[in-house]
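Input: a single structure, listed below in structure tokens.
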Amino acid sequence: MSQDIALLQRLGMSLDAKISGLRPRAFGFSECQTIRDLLIAGVLRVRNKKRGLVRLLPNRAQREFGGTCTHRNIVLKARQLGITTYVAARFFVQTITRPGTMTVQVAHDQESAEEIFKIVHRFWENLPNAMKRGALTRSRANVRQMVFPRLDSEYRVATAADVNAGRGLTIHNLHCSEVARWLRDPAEALASLRAAVPADGDIVLESTPNGAGGVFYEEWQHANETGYTRHFFPWWYDDEYRDRAGAERVRPLTPEEQELVLSAGLSDEQIAWRRTNRAQLRKLAAQEYAEDPISCFLASGECEIGRAHV
Ligand SMILES: Nc1ncnc2c1ncn2[C@@H]1O[C@H](COP(=O)(O)OP(=O)(O)OP(=O)(O)O)[C@@H](O)[C@H]1O
Ligand SMILES: [Mg+2]
């Protein structure tokens, strides 16, 4: 085995090892705890919301997920917290450091699948040249698939409508994105994909809510019985959801707002942002910008269960 592959493989065996003897802060990676964090922050690049190409320094939701995830995970989240990016980053690192790995990310539609693939393509494109031309040379890369022949590893992005996505494969890393929006027999698609993952493989089911019913809702409700770790990320995990100008006019608070200030420690800037957001999105705000793992499921236009039943 050539040296570059042997080095990647050594890293792959110790991704969760804590960093010691190195002061990550000195390298600008203040949030790094493990070899995996160091690789993600050190070699992966993302487009941030201002369209700049930046290092992937994990944000609050990403750090919390990284610190608490297991082999089986279900993530209920507000919009745009960076979960798709971070799961892609973890799986990309696992794919390039563990020879023989098959990673599959499944999006709810074609457009999202292409967006996810762009994230992964950007990871590869911005790797150091020595890696791209060496161990991580690709034999094939189209809008759906990246193959690393020297490692015998592969990264695929499929859509939930692709009924054969899991057939005939052993999938080591499976990410099912926006599961609550999967159309066409989502339970069967999910069952088929999950059957392809061995016990020591990683599964992440992730979605913003979409009504109190359907496969994602059921999976969330039964996570304790099925052995899935629940992760809930409300909107205030993103520090950008603030309205600085509006904060001055926010007092007096409504009883509901006072409750949030007490329970979640929201600032006036966050309350001001919430007011505008609720005025604009109305009923959908509670779904798209979840605040707790119960009411967010009841907010959908597709569900008639009233809040009085909570
Ligand atoms: N650590 C980070 N640093 C800077 N930008 C980030 C980081 N993580 C994600 N982003 C950017 O934040 C935006 C949202 O990321 P992403 O699509 O992964 O979130 P999401 O929670 O899956 O969103 P959605 O609810 O739309 O599915 C993207 O523009 C992404 O590039
Ligand atoms: Mg997403």
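Labeling convention for the structure tokens: chains A, B, ... as they appear, residues from 1 per chain, ligands from 1 in order of appearance.
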
### Task
Residues within 7 Å of ligand 2 should be enumerated using only C-alpha atoms and all ligand atoms and returned as a list of chain:residue names.
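Listing the residues within 7 Å of ligand 2 gives A:Gln80, A:Gly82, A:Ile83, A:Thr84, A:Ser177, A:Glu178.
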
### Task
Give the residues close to ligand 1, within 6 Å, counting only C-alpha atoms and all ligand atoms; write them as a VMD selection string.
chain A and resid 46 to 49 56 to 59 79 to 85

Save the residues we just selected, C-alpha atoms, as a PDB file, in the first residue's frame?
```pdb
ATOM      1  CA  VAL A  46     -18.003  25.511   2.328  1.00  0.00           C
ATOM      2  CA  ARG A  47     -19.849  28.459   0.841  1.00  0.00           C
ATOM      3  CA  ASN A  48     -21.261  30.402   3.756  1.00  0.00           C
ATOM      4  CA  LYS A  49     -24.571  32.267   3.561  1.00  0.00           C
ATOM      5  CA  LEU A  56     -15.868  24.514   7.772  1.00  0.00           C
ATOM      6  CA  LEU A  57     -15.606  25.613  11.387  1.00  0.00           C
ATOM      7  CA  PRO A  58     -18.537  23.816  13.031  1.00  0.00           C
ATOM      8  CA  ASN A  59     -21.356  26.030  14.336  1.00  0.00           C
ATOM      9  CA  ARG A  79     -34.230  25.629   8.663  1.00  0.00           C
ATOM     10  CA  GLN A  80     -30.703  26.347   7.537  1.00  0.00           C
ATOM     11  CA  LEU A  81     -28.717  25.318  10.589  1.00  0.00           C
ATOM     12  CA  GLY A  82     -26.055  23.545   8.526  1.00  0.00           C
ATOM     13  CA  ILE A  83     -27.050  19.943   9.201  1.00  0.00           C
ATOM     14  CA  THR A  84     -26.873  18.726   5.583  1.00  0.00           C
ATOM     15  CA  THR A  85     -23.422  20.270   5.242  1.00  0.00           C
TER      16      THR A  85
END
```

### Query
Near region 35-43 of chain A, counting only C-alpha atoms, which residues have an atom at most 10 Å away, once you skip same-chain residues fewer than 3 positions from it, shown as a VMD selection string?
chain A and resid 11 to 20 24 27 to 32 54 to 58 63 66 86 89 to 90 92 to 94 123 to 124 126 to 128

### Query
Could you pull the residues within 10 Å of Glu257 (chain A), counting only C-alpha atoms, minus those fewer than 2 positions along the same chain, as a ChimeraX atom specification?
/A:252-255,259-263,266,268,271-272,274-275

Could you turn the residues from that selection into a file that holds C-alpha atoms, as a PDB file, in the first residue's frame?
```pdb
ATOM      1  CA  PRO A 252     -43.401  44.724  26.613  1.00  0.00           C
ATOM      2  CA  LEU A 253     -43.178  41.005  25.867  1.00  0.00           C
ATOM      3  CA  THR A 254     -46.194  38.747  25.424  1.00  0.00           C
ATOM      4  CA  PRO A 255     -46.572  35.896  27.966  1.00  0.00           C
ATOM      5  CA  GLU A 259     -41.743  32.068  28.623  1.00  0.00           C
ATOM      6  CA  LEU A 260     -39.146  31.698  25.833  1.00  0.00           C
ATOM      7  CA  VAL A 261     -36.864  34.244  27.460  1.00  0.00           C
ATOM      8  CA  LEU A 262     -37.017  32.226  30.660  1.00  0.00           C
ATOM      9  CA  SER A 263     -36.750  28.740  29.173  1.00  0.00           C
ATOM     10  CA  LEU A 266     -33.638  34.454  24.224  1.00  0.00           C
ATOM     11  CA  ASP A 268     -34.578  41.028  22.803  1.00  0.00           C
ATOM     12  CA  ILE A 271     -37.558  38.052  20.154  1.00  0.00           C
ATOM     13  CA  ALA A 272     -37.680  40.909  17.626  1.00  0.00           C
ATOM     14  CA  ARG A 274     -39.177  36.011  15.934  1.00  0.00           C
ATOM     15  CA  ARG A 275     -41.978  38.590  15.778  1.00  0.00           C
TER      16      ARG A 275
END
```

Would you mind writing down, as a PDB file with C-alpha atoms, in the first residue's frame, each residue of region 24-227 of chain A that DSSP on the backbone assigns to strand (DSSP E)?
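So part-v8.pdb came out as:
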```pdb
ATOM      1  CA  ARG A  45     -14.372  24.355   2.536  1.00  0.00           C
ATOM      2  CA  VAL A  46     -18.003  25.511   2.328  1.00  0.00           C
ATOM      3  CA  ARG A  47     -19.849  28.459   0.841  1.00  0.00           C
ATOM      4  CA  LEU A  53     -15.645  30.198   0.471  1.00  0.00           C
ATOM      5  CA  VAL A  54     -14.633  29.497   4.062  1.00  0.00           C
ATOM      6  CA  ARG A  55     -13.235  26.777   6.272  1.00  0.00           C
ATOM      7  CA  ARG A  72     -28.232   5.676  14.636  1.00  0.00           C
ATOM      8  CA  ASN A  73     -29.517   9.250  14.657  1.00  0.00           C
ATOM      9  CA  ILE A  74     -32.675  11.184  13.981  1.00  0.00           C
ATOM     10  CA  VAL A  75     -32.460  14.975  13.662  1.00  0.00           C
ATOM     11  CA  LEU A  76     -35.451  17.325  13.957  1.00  0.00           C
ATOM     12  CA  LYS A  77     -34.417  20.836  13.069  1.00  0.00           C
ATOM     13  CA  MET A 102     -19.836   3.341   0.456  1.00  0.00           C
ATOM     14  CA  THR A 103     -21.628   6.546   1.437  1.00  0.00           C
ATOM     15  CA  VAL A 104     -25.132   7.395   0.272  1.00  0.00           C
ATOM     16  CA  GLN A 105     -26.963  10.670   0.870  1.00  0.00           C
ATOM     17  CA  VAL A 106     -30.622  10.622  -0.137  1.00  0.00           C
ATOM     18  CA  ALA A 107     -32.410  13.890  -0.904  1.00  0.00           C
ATOM     19  CA  ARG A 140     -15.753   9.075 -12.069  1.00  0.00           C
ATOM     20  CA  ALA A 141     -17.635  12.154 -10.992  1.00  0.00           C
ATOM     21  CA  GLN A 145     -21.481   9.977  -7.795  1.00  0.00           C
ATOM     22  CA  MET A 146     -17.818  10.246  -6.862  1.00  0.00           C
ATOM     23  CA  VAL A 147     -15.574   7.186  -7.064  1.00  0.00           C
ATOM     24  CA  PHE A 148     -12.116   6.945  -5.475  1.00  0.00           C
ATOM     25  CA  SER A 153     -14.522   4.063  -1.795  1.00  0.00           C
ATOM     26  CA  GLU A 154     -17.530   5.755  -3.257  1.00  0.00           C
ATOM     27  CA  TYR A 155     -19.841   8.683  -2.463  1.00  0.00           C
ATOM     28  CA  ARG A 156     -23.324   8.754  -3.993  1.00  0.00           C
ATOM     29  CA  VAL A 157     -26.210  11.185  -3.801  1.00  0.00           C
ATOM     30  CA  ALA A 158     -29.603   9.714  -4.680  1.00  0.00           C
ATOM     31  CA  THR A 159     -33.208  10.853  -4.502  1.00  0.00           C
ATOM     32  CA  ASN A 173     -22.831   5.827   5.838  1.00  0.00           C
ATOM     33  CA  LEU A 174     -26.453   6.663   5.105  1.00  0.00           C
ATOM     34  CA  HIS A 175     -27.955  10.150   5.306  1.00  0.00           C
ATOM     35  CA  CYS A 176     -31.670  10.501   4.554  1.00  0.00           C
ATOM     36  CA  SER A 177     -32.406  14.199   4.173  1.00  0.00           C
ATOM     37  CA  ASP A 202     -23.855   5.205  10.461  1.00  0.00           C
ATOM     38  CA  ILE A 203     -27.416   6.352   9.787  1.00  0.00           C
ATOM     39  CA  VAL A 204     -28.747   9.912  10.014  1.00  0.00           C
ATOM     40  CA  LEU A 205     -32.439  10.567   9.351  1.00  0.00           C
ATOM     41  CA  GLU A 206     -32.991  14.309   9.207  1.00  0.00           C
ATOM     42  CA  SER A 207     -35.846  16.707   8.511  1.00  0.00           C
TER      43      SER A 207
END
```

### Message
Give me, as a PyMOL selection string, all polymer residues having an atom no more than 12 Å from region 290-300 of chain A, counting only C-alpha atoms and skipping those fewer than 3 positions away in the same chain.
### Response
chain A and resi 75-81+180+207-214+216-218+220-221+230-237+256-257+259-260+263-264+266+274+277-278+281-287+303-310

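Between CA of Arg144 (chain A) and CA of Ala88 (chain A) there is a distance of 13.6 Å.
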
### Task
Would you kindly return, as number ranges by chain, each protein, DNA or RNA residue with an atom no farther than 10 Å from any atom of Asp185 (chain A), considering only C-alpha atoms and excluding same-chain residues fewer than 2 positions away?
A: 160-161, 163, 182-183, 187-190, 215

### Task
Could you give me the residues within region 3-176 of chain A that DSSP places in helix (DSSP H, G or I), as a count of residues only?
69

#### Entry: Computed interatomic separation between CA of Asp200 (chain A) and CA of Thr70 (chain A) (Å)
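Going from CA of Asp200 (chain A) over to CA of Thr70 (chain A), I get 9.9 Å.
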
### Task
Please indicate the distance in Å from CA of Gln270 (chain A) to CA of Ala61 (chain A), rounded to one decimal place.
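Those two atoms sit 16.9 Å apart.
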